[in-house]
>>> print(open('run-v1.pdb').read())   # PDB, C-alpha atoms
MODEL        1
ATOM      1  CA  MET K   1      13.439  37.602 113.827
ATOM      2  CA  ASN K   2      13.773  41.382 114.169
ATOM      3  CA  LEU K   3      14.481  41.864 117.887
ATOM      4  CA  GLU K   4      15.449  45.195 119.382
ATOM      5  CA  GLU K   5      18.995  45.227 120.744
ATOM      6  CA  TRP K   6      20.336  47.749 123.252
ATOM      7  CA  ARG K   7      23.961  48.943 123.411
ATOM      8  CA  ALA K   8      25.797  51.563 125.449
ATOM      9  CA  VAL K   9      25.974  55.081 124.041
ATOM     10  CA  ILE K  10      29.639  55.638 123.226
ATOM     11  CA  GLY K  11      31.163  58.016 125.777
ATOM     12  CA  TRP K  12      28.148  57.613 128.100
ATOM     13  CA  GLU K  13      28.606  53.963 129.119
ATOM     14  CA  GLY K  14      26.681  53.049 132.263
ATOM     15  CA  LEU K  15      24.413  56.091 131.853
ATOM     16  CA  TYR K  16      22.586  55.722 128.527
ATOM     17  CA  GLU K  17      21.777  53.028 125.960
ATOM     18  CA  VAL K  18      20.625  53.242 122.350
ATOM     19  CA  SER K  19      18.595  50.578 120.566
ATOM     20  CA  SER K  20      18.877  49.125 117.089
ATOM     21  CA  PHE K  21      15.445  50.721 116.441
ATOM     22  CA  GLY K  22      16.725  54.220 117.284
ATOM     23  CA  ARG K  23      15.286  54.560 120.791
ATOM     24  CA  LEU K  24      17.269  55.815 123.806
ATOM     25  CA  ARG K  25      17.011  55.161 127.508
ATOM     26  CA  SER K  26      18.761  56.203 130.669
ATOM     27  CA  LEU K  27      19.948  53.518 133.067
ATOM     28  CA  PRO K  28      19.124  53.365 136.791
ATOM     29  CA  ARG K  29      21.621  55.346 138.846
ATOM     30  CA  LEU K  30      22.333  56.455 142.396
ATOM     31  CA  SER K  31      22.441  60.176 143.180
ATOM     32  CA  VAL K  32      25.056  60.599 145.892
ATOM     33  CA  ARG K  33      24.023  64.228 146.510
ATOM     34  CA  ARG K  34      20.385  63.333 147.062
ATOM     35  CA  ASN K  35      21.016  59.802 148.388
ATOM     36  CA  ARG K  36      18.391  58.465 146.021
ATOM     37  CA  ILE K  37      18.164  55.854 143.276
ATOM     38  CA  TYR K  38      16.668  57.035 139.999
ATOM     39  CA  GLY K  39      15.098  54.437 137.739
ATOM     40  CA  GLY K  40      16.008  54.327 134.092
ATOM     41  CA  LYS K  41      13.520  55.595 131.542
ATOM     42  CA  GLN K  42      13.026  55.940 127.818
ATOM     43  CA  LEU K  43      14.118  59.364 126.611
ATOM     44  CA  LYS K  44      11.863  61.691 124.674
ATOM     45  CA  LEU K  45      13.234  62.274 121.187
ATOM     46  CA  LEU K  46      13.119  65.886 120.035
ATOM     47  CA  ILE K  47      13.062  67.059 116.424
ATOM     48  CA  SER K  48      15.365  69.836 115.245
ATOM     49  CA  THR K  49      14.338  72.527 112.772
ATOM     50  CA  ASN K  50      15.997  70.551 109.965
ATOM     51  CA  GLY K  51      14.000  67.389 110.782
ATOM     52  CA  TYR K  52      16.600  65.259 112.587
ATOM     53  CA  GLU K  53      15.743  63.569 115.893
ATOM     54  CA  PHE K  54      18.033  64.429 118.796
ATOM     55  CA  VAL K  55      18.317  63.908 122.557
ATOM     56  CA  CYS K  56      19.904  65.831 125.414
ATOM     57  CA  LEU K  57      22.370  63.804 127.492
ATOM     58  CA  THR K  58      23.696  64.856 130.879
ATOM     59  CA  ALA K  59      25.348  63.476 134.001
ATOM     60  CA  PRO K  60      26.626  64.961 137.254
ATOM     61  CA  GLY K  61      29.628  67.158 136.569
ATOM     62  CA  ARG K  62      29.044  67.104 132.808
ATOM     63  CA  PRO K  63      27.353  69.732 130.645
ATOM     64  CA  ILE K  64      24.155  68.975 128.739
ATOM     65  CA  ILE K  65      25.018  67.652 125.285
ATOM     66  CA  LYS K  66      22.631  67.546 122.309
ATOM     67  CA  ARG K  67      23.277  64.567 120.017
ATOM     68  CA  ARG K  68      21.530  63.414 116.861
ATOM     69  CA  VAL K  69      19.963  60.000 117.323
ATOM     70  CA  HIS K  70      21.187  58.557 114.018
ATOM     71  CA  GLN K  71      24.786  59.356 114.959
ATOM     72  CA  LEU K  72      24.433  57.555 118.294
ATOM     73  CA  VAL K  73      22.936  54.500 116.539
ATOM     74  CA  LEU K  74      25.728  54.460 113.954
ATOM     75  CA  GLU K  75      28.472  54.723 116.589
ATOM     76  CA  ALA K  76      26.980  51.909 118.697
ATOM     77  CA  PHE K  77      26.025  49.471 115.915
ATOM     78  CA  ILE K  78      28.280  50.270 112.936
ATOM     79  CA  GLY K  79      31.385  51.804 114.527
ATOM     80  CA  PRO K  80      33.151  55.146 114.943
ATOM     81  CA  ARG K  81      32.656  57.841 112.332
ATOM     82  CA  PRO K  82      35.402  57.706 109.712
ATOM     83  CA  SER K  83      37.139  61.009 109.083
ATOM     84  CA  GLY K  84      35.231  63.201 106.637
ATOM     85  CA  MET K  85      32.075  61.086 106.751
ATOM     86  CA  GLN K  86      28.509  61.921 107.760
ATOM     87  CA  GLY K  87      25.592  59.834 108.974
ATOM     88  CA  CYS K  88      23.280  59.018 106.049
ATOM     89  CA  HIS K  89      19.705  57.683 105.997
ATOM     90  CA  ASN K  90      19.301  55.170 103.156
ATOM     91  CA  ASP K  91      15.625  56.053 102.618
ATOM     92  CA  GLY K  92      16.135  59.802 103.089
ATOM     93  CA  LEU K  93      13.798  59.950 106.110
ATOM     94  CA  CYS K  94      15.514  61.838 108.947
ATOM     95  CA  THR K  95      13.329  60.144 111.571
ATOM     96  CA  ASN K  96      13.948  56.527 110.470
ATOM     97  CA  ASN K  97      16.868  55.727 112.766
ATOM     98  CA  HIS K  98      16.776  51.920 112.531
ATOM     99  CA  PHE K  99      20.374  50.743 112.258
ATOM    100  CA  THR K 100      19.683  48.933 108.949
ATOM    101  CA  ASN K 101      18.664  52.293 107.419
ATOM    102  CA  LEU K 102      21.880  54.084 108.378
ATOM    103  CA  ARG K 103      25.404  54.260 106.986
ATOM    104  CA  TRP K 104      28.459  56.472 107.063
ATOM    105  CA  GLY K 105      28.893  58.373 103.791
ATOM    106  CA  THR K 106      30.406  61.462 102.250
ATOM    107  CA  LYS K 107      28.713  64.853 102.233
ATOM    108  CA  TYR K 108      28.059  64.383  98.508
ATOM    109  CA  GLU K 109      26.378  60.996  99.092
ATOM    110  CA  ASN K 110      24.273  62.508 101.872
ATOM    111  CA  GLU K 111      22.985  65.282  99.604
ATOM    112  CA  MET K 112      21.895  62.922  96.805
TER     113      MET K 112
ENDMDL
END
>>> encode(input="run-v1.pdb", output="structure tokens")
Amino acid sequence: MNLEEWRAVIGWEGLYEVSSFGRLRSLPRLSVRRNRIYGGKQLKLLISTNGYEFVCLTAPGRPIIKRRVHQLVLEAFIGPRPSGMQGCHNDGLCTNNHFTNLRWGTKYENEM
């Protein structure tokens, strides 16, 4: 069975989750400044000029950070990026961010 699994985005635990299918969502949170609870929602994935999907992550007191979706999936489901490695798509499709399609590899492997 190919069920979607959700895990915390590394460094954004309690705020965002990434799925094994390459989707992202924010988690419900309380805004102390506005005394309001915000429901979680699925994030819109944006596409960069070079074809990679990315999202913008933010939280109170933190700047907005743009992160590539495949890197978030790799960190959550495969593990931290080894030194000198890049996120690689096995099928070469920059928008296929399913965890089974991703791996850490060298720059040379990523260009092949």
>>> closest_residue(input="run-v1.pdb", among="K:Leu93, K:Lys44, K:Ala59, K:Gly79", to="Gly14 in chain K", atoms="all atoms listed in the file")
K:Ala59
>>> resolve_selection(input="run-v1.pdb", expression="the PyMOL selection byres ((chain K and resi 23) around 12)", output="PDB file with C-alpha atoms, in the frame of the given file")
ATOM      1  CA  GLU K   4      15.449  45.195 119.382  1.00  0.00           C
ATOM      2  CA  GLU K   5      18.995  45.227 120.744  1.00  0.00           C
ATOM      3  CA  TRP K   6      20.336  47.749 123.252  1.00  0.00           C
ATOM      4  CA  ARG K   7      23.961  48.943 123.411  1.00  0.00           C
ATOM      5  CA  ALA K   8      25.797  51.563 125.449  1.00  0.00           C
ATOM      6  CA  VAL K   9      25.974  55.081 124.041  1.00  0.00           C
ATOM      7  CA  TYR K  16      22.586  55.722 128.527  1.00  0.00           C
ATOM      8  CA  GLU K  17      21.777  53.028 125.960  1.00  0.00           C
ATOM      9  CA  VAL K  18      20.625  53.242 122.350  1.00  0.00           C
ATOM     10  CA  SER K  19      18.595  50.578 120.566  1.00  0.00           C
ATOM     11  CA  SER K  20      18.877  49.125 117.089  1.00  0.00           C
ATOM     12  CA  PHE K  21      15.445  50.721 116.441  1.00  0.00           C
ATOM     13  CA  GLY K  22      16.725  54.220 117.284  1.00  0.00           C
ATOM     14  CA  LEU K  24      17.269  55.815 123.806  1.00  0.00           C
ATOM     15  CA  ARG K  25      17.011  55.161 127.508  1.00  0.00           C
ATOM     16  CA  SER K  26      18.761  56.203 130.669  1.00  0.00           C
ATOM     17  CA  LYS K  41      13.520  55.595 131.542  1.00  0.00           C
ATOM     18  CA  GLN K  42      13.026  55.940 127.818  1.00  0.00           C
ATOM     19  CA  LEU K  43      14.118  59.364 126.611  1.00  0.00           C
ATOM     20  CA  LYS K  44      11.863  61.691 124.674  1.00  0.00           C
ATOM     21  CA  LEU K  45      13.234  62.274 121.187  1.00  0.00           C
ATOM     22  CA  LEU K  46      13.119  65.886 120.035  1.00  0.00           C
ATOM     23  CA  GLU K  53      15.743  63.569 115.893  1.00  0.00           C
ATOM     24  CA  PHE K  54      18.033  64.429 118.796  1.00  0.00           C
ATOM     25  CA  VAL K  55      18.317  63.908 122.557  1.00  0.00           C
ATOM     26  CA  ARG K  68      21.530  63.414 116.861  1.00  0.00           C
ATOM     27  CA  VAL K  69      19.963  60.000 117.323  1.00  0.00           C
ATOM     28  CA  HIS K  70      21.187  58.557 114.018  1.00  0.00           C
ATOM     29  CA  LEU K  72      24.433  57.555 118.294  1.00  0.00           C
ATOM     30  CA  VAL K  73      22.936  54.500 116.539  1.00  0.00           C
ATOM     31  CA  THR K  95      13.329  60.144 111.571  1.00  0.00           C
ATOM     32  CA  ASN K  96      13.948  56.527 110.470  1.00  0.00           C
ATOM     33  CA  ASN K  97      16.868  55.727 112.766  1.00  0.00           C
ATOM     34  CA  HIS K  98      16.776  51.920 112.531  1.00  0.00           C
ATOM     35  CA  PHE K  99      20.374  50.743 112.258  1.00  0.00           C
TER      36      PHE K  99
END
>>> atom_distance(input="run-v1.pdb", atom1="CA of Arg81 in chain K", atom2="CA of Ile10 in chain K")
11.5 Å
>>> resolve_selection(input="run-v1.pdb", expression="the PyMOL selection byres ((chain K and resi 101-104) around 6)", output="list in words")
Met85, Gln86, Gly87, Cys88, His89, Asn90, His98, Phe99, Thr100 and Gly105 of chain K
>>> atom_distance(input="run-v1.pdb", atom1="CA of Lys107 in chain K", atom2="CA of Ile64 in chain K")
27.2 Å
>>> decode(input="run-v1.pdb", residues="range 84-100 of chain K", atoms="all heavy atoms", output="PDB file, in the first residue's frame")
ATOM      1  N   GLY K  84      28.950  18.045   0.638  1.00  0.00           N
ATOM      2  CA  GLY K  84      29.297  17.972  -0.778  1.00  0.00           C
ATOM      3  C   GLY K  84      28.248  17.331  -1.670  1.00  0.00           C
ATOM      4  O   GLY K  84      28.468  17.182  -2.870  1.00  0.00           O
ATOM      5  N   MET K  85      27.115  16.956  -1.104  1.00  0.00           N
ATOM      6  CA  MET K  85      26.076  16.289  -1.892  1.00  0.00           C
ATOM      7  C   MET K  85      24.954  17.255  -2.257  1.00  0.00           C
ATOM      8  O   MET K  85      24.769  18.283  -1.621  1.00  0.00           O
ATOM      9  CB  MET K  85      25.491  15.099  -1.124  1.00  0.00           C
ATOM     10  CG  MET K  85      26.501  14.032  -0.808  1.00  0.00           C
ATOM     11  SD  MET K  85      27.065  13.244  -2.305  1.00  0.00           S
ATOM     12  CE  MET K  85      27.398  11.621  -1.720  1.00  0.00           C
ATOM     13  N   GLN K  86      24.193  16.867  -3.287  1.00  0.00           N
ATOM     14  CA  GLN K  86      23.038  17.621  -3.745  1.00  0.00           C
ATOM     15  C   GLN K  86      21.831  16.696  -3.789  1.00  0.00           C
ATOM     16  O   GLN K  86      21.983  15.473  -3.866  1.00  0.00           O
ATOM     17  CB  GLN K  86      23.259  18.158  -5.164  1.00  0.00           C
ATOM     18  CG  GLN K  86      24.385  19.125  -5.311  1.00  0.00           C
ATOM     19  CD  GLN K  86      24.529  19.609  -6.748  1.00  0.00           C
ATOM     20  OE1 GLN K  86      23.958  19.059  -7.679  1.00  0.00           O
ATOM     21  NE2 GLN K  86      25.306  20.666  -6.918  1.00  0.00           N
ATOM     22  N   GLY K  87      20.638  17.284  -3.787  1.00  0.00           N
ATOM     23  CA  GLY K  87      19.428  16.502  -3.965  1.00  0.00           C
ATOM     24  C   GLY K  87      19.252  16.159  -5.434  1.00  0.00           C
ATOM     25  O   GLY K  87      19.324  17.043  -6.288  1.00  0.00           O
ATOM     26  N   CYS K  88      19.050  14.875  -5.732  1.00  0.00           N
ATOM     27  CA  CYS K  88      18.913  14.410  -7.116  1.00  0.00           C
ATOM     28  C   CYS K  88      17.551  13.757  -7.318  1.00  0.00           C
ATOM     29  O   CYS K  88      17.070  13.031  -6.448  1.00  0.00           O
ATOM     30  CB  CYS K  88      19.991  13.379  -7.451  1.00  0.00           C
ATOM     31  SG  CYS K  88      21.678  13.957  -7.233  1.00  0.00           S
ATOM     32  N   HIS K  89      16.953  13.994  -8.492  1.00  0.00           N
ATOM     33  CA  HIS K  89      15.713  13.334  -8.895  1.00  0.00           C
ATOM     34  C   HIS K  89      16.086  12.156  -9.793  1.00  0.00           C
ATOM     35  O   HIS K  89      16.709  12.344 -10.833  1.00  0.00           O
ATOM     36  CB  HIS K  89      14.819  14.310  -9.666  1.00  0.00           C
ATOM     37  CG  HIS K  89      14.294  15.425  -8.831  1.00  0.00           C
ATOM     38  ND1 HIS K  89      15.017  16.563  -8.569  1.00  0.00           N
ATOM     39  CD2 HIS K  89      13.104  15.566  -8.204  1.00  0.00           C
ATOM     40  CE1 HIS K  89      14.291  17.368  -7.819  1.00  0.00           C
ATOM     41  NE2 HIS K  89      13.125  16.794  -7.568  1.00  0.00           N
ATOM     42  N   ASN K  90      15.713  10.949  -9.398  1.00  0.00           N
ATOM     43  CA  ASN K  90      16.076   9.755 -10.162  1.00  0.00           C
ATOM     44  C   ASN K  90      15.575   9.797 -11.594  1.00  0.00           C
ATOM     45  O   ASN K  90      16.256   9.335 -12.505  1.00  0.00           O
ATOM     46  CB  ASN K  90      15.562   8.491  -9.462  1.00  0.00           C
ATOM     47  CG  ASN K  90      16.238   8.275  -8.126  1.00  0.00           C
ATOM     48  OD1 ASN K  90      17.407   8.595  -7.943  1.00  0.00           O
ATOM     49  ND2 ASN K  90      15.496   7.739  -7.170  1.00  0.00           N
ATOM     50  N   ASP K  91      14.366  10.334 -11.812  1.00  0.00           N
ATOM     51  CA  ASP K  91      13.792  10.362 -13.163  1.00  0.00           C
ATOM     52  C   ASP K  91      14.091  11.655 -13.908  1.00  0.00           C
ATOM     53  O   ASP K  91      13.669  11.831 -15.045  1.00  0.00           O
ATOM     54  CB  ASP K  91      12.282  10.117 -13.113  1.00  0.00           C
ATOM     55  CG  ASP K  91      11.516  11.199 -12.361  1.00  0.00           C
ATOM     56  OD1 ASP K  91      12.134  12.191 -11.925  1.00  0.00           O
ATOM     57  OD2 ASP K  91      10.294  11.044 -12.204  1.00  0.00           O
ATOM     58  N   GLY K  92      14.820  12.584 -13.263  1.00  0.00           N
ATOM     59  CA  GLY K  92      15.184  13.833 -13.912  1.00  0.00           C
ATOM     60  C   GLY K  92      14.089  14.890 -13.929  1.00  0.00           C
ATOM     61  O   GLY K  92      14.306  15.990 -14.428  1.00  0.00           O
ATOM     62  N   LEU K  93      12.910  14.574 -13.383  1.00  0.00           N
ATOM     63  CA  LEU K  93      11.805  15.533 -13.360  1.00  0.00           C
ATOM     64  C   LEU K  93      11.858  16.356 -12.076  1.00  0.00           C
ATOM     65  O   LEU K  93      11.656  15.816 -10.984  1.00  0.00           O
ATOM     66  CB  LEU K  93      10.454  14.818 -13.475  1.00  0.00           C
ATOM     67  CG  LEU K  93      10.218  14.032 -14.761  1.00  0.00           C
ATOM     68  CD1 LEU K  93       8.890  13.282 -14.684  1.00  0.00           C
ATOM     69  CD2 LEU K  93      10.241  14.956 -15.963  1.00  0.00           C
ATOM     70  N   CYS K  94      12.097  17.639 -12.209  1.00  0.00           N
ATOM     71  CA  CYS K  94      12.258  18.529 -11.042  1.00  0.00           C
ATOM     72  C   CYS K  94      11.003  18.647 -10.194  1.00  0.00           C
ATOM     73  O   CYS K  94      11.074  19.084  -9.049  1.00  0.00           O
ATOM     74  CB  CYS K  94      12.666  19.922 -11.505  1.00  0.00           C
ATOM     75  SG  CYS K  94      14.219  19.977 -12.388  1.00  0.00           S
ATOM     76  N   THR K  95       9.848  18.291 -10.731  1.00  0.00           N
ATOM     77  CA  THR K  95       8.598  18.430  -9.983  1.00  0.00           C
ATOM     78  C   THR K  95       8.113  17.106  -9.385  1.00  0.00           C
ATOM     79  O   THR K  95       7.088  17.087  -8.725  1.00  0.00           O
ATOM     80  CB  THR K  95       7.497  19.021 -10.879  1.00  0.00           C
ATOM     81  OG1 THR K  95       7.361  18.204 -12.040  1.00  0.00           O
ATOM     82  CG2 THR K  95       7.836  20.445 -11.290  1.00  0.00           C
ATOM     83  N   ASN K  96       8.833  16.016  -9.605  1.00  0.00           N
ATOM     84  CA  ASN K  96       8.465  14.728  -9.007  1.00  0.00           C
ATOM     85  C   ASN K  96       9.224  14.588  -7.689  1.00  0.00           C
ATOM     86  O   ASN K  96      10.343  14.083  -7.654  1.00  0.00           O
ATOM     87  CB  ASN K  96       8.794  13.570  -9.951  1.00  0.00           C
ATOM     88  CG  ASN K  96       8.392  12.219  -9.376  1.00  0.00           C
ATOM     89  OD1 ASN K  96       7.885  12.127  -8.264  1.00  0.00           O
ATOM     90  ND2 ASN K  96       8.628  11.172 -10.132  1.00  0.00           N
ATOM     91  N   ASN K  97       8.596  15.048  -6.615  1.00  0.00           N
ATOM     92  CA  ASN K  97       9.252  15.087  -5.307  1.00  0.00           C
ATOM     93  C   ASN K  97       8.826  13.960  -4.376  1.00  0.00           C
ATOM     94  O   ASN K  97       8.929  14.092  -3.156  1.00  0.00           O
ATOM     95  CB  ASN K  97       9.017  16.454  -4.663  1.00  0.00           C
ATOM     96  CG  ASN K  97       9.690  17.553  -5.442  1.00  0.00           C
ATOM     97  OD1 ASN K  97      10.860  17.458  -5.772  1.00  0.00           O
ATOM     98  ND2 ASN K  97       8.940  18.588  -5.783  1.00  0.00           N
ATOM     99  N   HIS K  98       8.363  12.857  -4.923  1.00  0.00           N
ATOM    100  CA  HIS K  98       8.041  11.672  -4.113  1.00  0.00           C
ATOM    101  C   HIS K  98       9.354  11.151  -3.533  1.00  0.00           C
ATOM    102  O   HIS K  98      10.368  11.094  -4.239  1.00  0.00           O
ATOM    103  CB  HIS K  98       7.370  10.609  -4.977  1.00  0.00           C
ATOM    104  CG  HIS K  98       6.707   9.533  -4.188  1.00  0.00           C
ATOM    105  ND1 HIS K  98       7.422   8.519  -3.579  1.00  0.00           N
ATOM    106  CD2 HIS K  98       5.415   9.317  -3.890  1.00  0.00           C
ATOM    107  CE1 HIS K  98       6.586   7.709  -2.952  1.00  0.00           C
ATOM    108  NE2 HIS K  98       5.356   8.181  -3.123  1.00  0.00           N
ATOM    109  N   PHE K  99       9.341  10.778  -2.273  1.00  0.00           N
ATOM    110  CA  PHE K  99      10.598  10.408  -1.609  1.00  0.00           C
ATOM    111  C   PHE K  99      11.308   9.230  -2.281  1.00  0.00           C
ATOM    112  O   PHE K  99      12.523   9.129  -2.216  1.00  0.00           O
ATOM    113  CB  PHE K  99      10.391  10.150  -0.107  1.00  0.00           C
ATOM    114  CG  PHE K  99       9.925   8.769   0.240  1.00  0.00           C
ATOM    115  CD1 PHE K  99      10.808   7.835   0.736  1.00  0.00           C
ATOM    116  CD2 PHE K  99       8.593   8.410   0.070  1.00  0.00           C
ATOM    117  CE1 PHE K  99      10.381   6.553   1.065  1.00  0.00           C
ATOM    118  CE2 PHE K  99       8.160   7.148   0.393  1.00  0.00           C
ATOM    119  CZ  PHE K  99       9.055   6.209   0.886  1.00  0.00           C
ATOM    120  N   THR K 100      10.577   8.348  -2.956  1.00  0.00           N
ATOM    121  CA  THR K 100      11.220   7.213  -3.638  1.00  0.00           C
ATOM    122  C   THR K 100      11.951   7.649  -4.910  1.00  0.00           C
ATOM    123  O   THR K 100      12.731   6.878  -5.459  1.00  0.00           O
ATOM    124  CB  THR K 100      10.187   6.128  -4.005  1.00  0.00           C
ATOM    125  OG1 THR K 100       9.198   6.700  -4.871  1.00  0.00           O
ATOM    126  CG2 THR K 100       9.537   5.550  -2.758  1.00  0.00           C
TER     127      THR K 100
END
